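Enquirer: This is the structure I want to talk about, given as structure tokens.
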Amino acid sequence: MPSSHIVLKEETRMLGAAQIIIGLIHCALGKTWIHLYINQSTSFSTIYLPIVFISGFPFLASLIYVISGIFAIVAEKKPSPRVLMYAIWINLNSFGLAIIGLLLIACEIILFLMKDENIQWPHKSGIMLSMYLWVFSTLELILANTVTRWIKKAHHHGNNTT
């Protein structure tokens, strides 16, 4: 099947770029958590270890989101059945990872709100980082869903035109 029959929305490239930026933001938030953890371990008796940080979610999500953004851009620039299938697959993984991240973050926020002890600034800073991750994970969920739908539609349309 010639790739000239596959037409993908031009906006897919912009959504891919947004996915890459979200991935980089996740990485930056993860590095901020590392900095917060190192500083609080030397300054405070209690250490705040968020579930999301322990799981490594910010770093894994960063990698997957950047890769899904790259594939979205490549799929728009040079659409071929193979590239479209890879883009669909990685965006579905990105979508699933965003759901898992949102569930982890929700658990973390619930556990934070249930604490009866005195809340110190590292705890507040950690939960603030979790809330930022919540926002960007939700955005990635929406972007991955949109990109996947557009690519599936282009792939299906490309298969029907031969």
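Just so we're on the same page: first chain in the structure tokens is A, next is B, and so on; residues restart at 1 for each chain, and ligands are numbered from 1 in the order they show up.
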Hey, what's within 12 Å of region 130-141 of chain A if we count only C-alpha atoms and toss same-chain stuff fewer than 5 positions away? As a VMD selection string, please?

Expert: chain A and resid 15 to 30 32 to 33 49 to 53 57 to 59 61 to 62 64 to 66 68 to 69 91 to 110 112 123 to 125 146 to 148

Enquirer: With C-alpha atoms retained, export the selected residues as a short mmCIF file (atom, residue, chain, number, x, y, z; two decimals), in the first residue's frame.

Expert:
```cif
data_model
loop_
_atom_site.label_atom_id
_atom_site.label_comp_id
_atom_site.auth_asym_id
_atom_site.auth_seq_id
_atom_site.Cartn_x
_atom_site.Cartn_y
_atom_site.Cartn_z
CA LEU A 15 0.06 17.09 19.84
CA GLY A 16 3.24 15.01 19.56
CA ALA A 17 5.28 18.05 20.51
CA ALA A 18 2.99 18.61 23.50
CA GLN A 19 3.51 14.97 24.53
CA ILE A 20 7.27 15.48 24.42
CA ILE A 21 6.97 18.60 26.57
CA ILE A 22 4.77 16.75 29.08
CA GLY A 23 7.39 13.99 29.22
CA LEU A 24 10.11 16.54 29.94
CA ILE A 25 7.96 18.14 32.64
CA HIS A 26 7.49 14.72 34.27
CA CYS A 27 11.26 14.24 34.26
CA ALA A 28 11.78 17.69 35.81
CA LEU A 29 9.22 16.95 38.53
CA GLY A 30 10.95 13.64 39.25
CA THR A 32 12.71 17.97 41.87
CA TRP A 33 11.48 15.10 44.04
CA LEU A 49 8.36 9.33 50.47
CA PRO A 50 5.54 9.66 47.99
CA ILE A 51 4.14 6.52 46.35
CA VAL A 52 4.54 8.05 42.93
CA PHE A 53 8.24 8.79 43.49
CA PHE A 57 6.41 6.84 37.68
CA PRO A 58 7.76 10.30 36.75
CA PHE A 59 10.79 8.81 35.02
CA ALA A 61 6.23 8.24 32.19
CA SER A 62 8.76 10.75 30.92
CA ILE A 64 7.09 6.75 27.33
CA TYR A 65 5.51 10.18 26.78
CA VAL A 66 8.54 11.46 24.86
CA SER A 68 4.89 8.53 21.98
CA GLY A 69 5.30 12.19 21.02
CA ASN A 91 0.24 5.92 22.38
CA LEU A 92 -1.94 3.16 23.84
CA ASN A 93 0.90 2.42 26.27
CA SER A 94 1.12 6.11 27.06
CA PHE A 95 -2.63 6.20 27.68
CA GLY A 96 -2.43 3.18 30.00
CA LEU A 97 0.55 4.59 31.87
CA ALA A 98 -1.30 7.87 32.38
CA ILE A 99 -4.24 5.95 33.90
CA ILE A 100 -1.90 4.04 36.22
CA GLY A 101 -0.20 7.30 37.19
CA LEU A 102 -3.51 8.98 37.94
CA LEU A 103 -4.50 6.06 40.17
CA LEU A 104 -1.16 6.19 42.02
CA ILE A 105 -1.43 9.94 42.47
CA ALA A 106 -5.03 9.63 43.71
CA CYS A 107 -3.92 7.04 46.31
CA GLU A 108 -1.09 9.30 47.38
CA ILE A 109 -3.36 12.33 47.78
CA ILE A 110 -5.91 10.30 49.75
CA PHE A 112 -1.82 12.47 52.52
CA HIS A 123 5.15 17.00 52.87
CA LYS A 124 3.31 19.98 51.42
CA SER A 125 5.93 20.34 48.69
CA THR A 146 -6.74 11.97 20.64
CA VAL A 147 -3.56 10.99 18.78
CA THR A 148 -4.51 7.30 18.91
#
```

Enquirer: By how many Å are CA of Ile127 (chain A) and CA of Ile90 (chain A) apart?

Expert: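 Computing the Euclidean distance for CA of Ile127 (chain A) and CA of Ile90 (chain A) yields 28.9 Å.
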
Enquirer: Report, in Å with one decimal, the straight-line distance from CA of Asn39 (chain A) to CA of Met128 (chain A).

Expert: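 Separating CA of Asn39 (chain A) from CA of Met128 (chain A) is a distance of 16.5 Å.
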
Enquirer: Using DSSP on the backbone, list every residue of chain A that comes out as helix (DSSP H, G or I), and give them as a PyMOL selection string.

Expert: chain A and resi 3-5+11-43+51-55+57-77+81-113+121-160
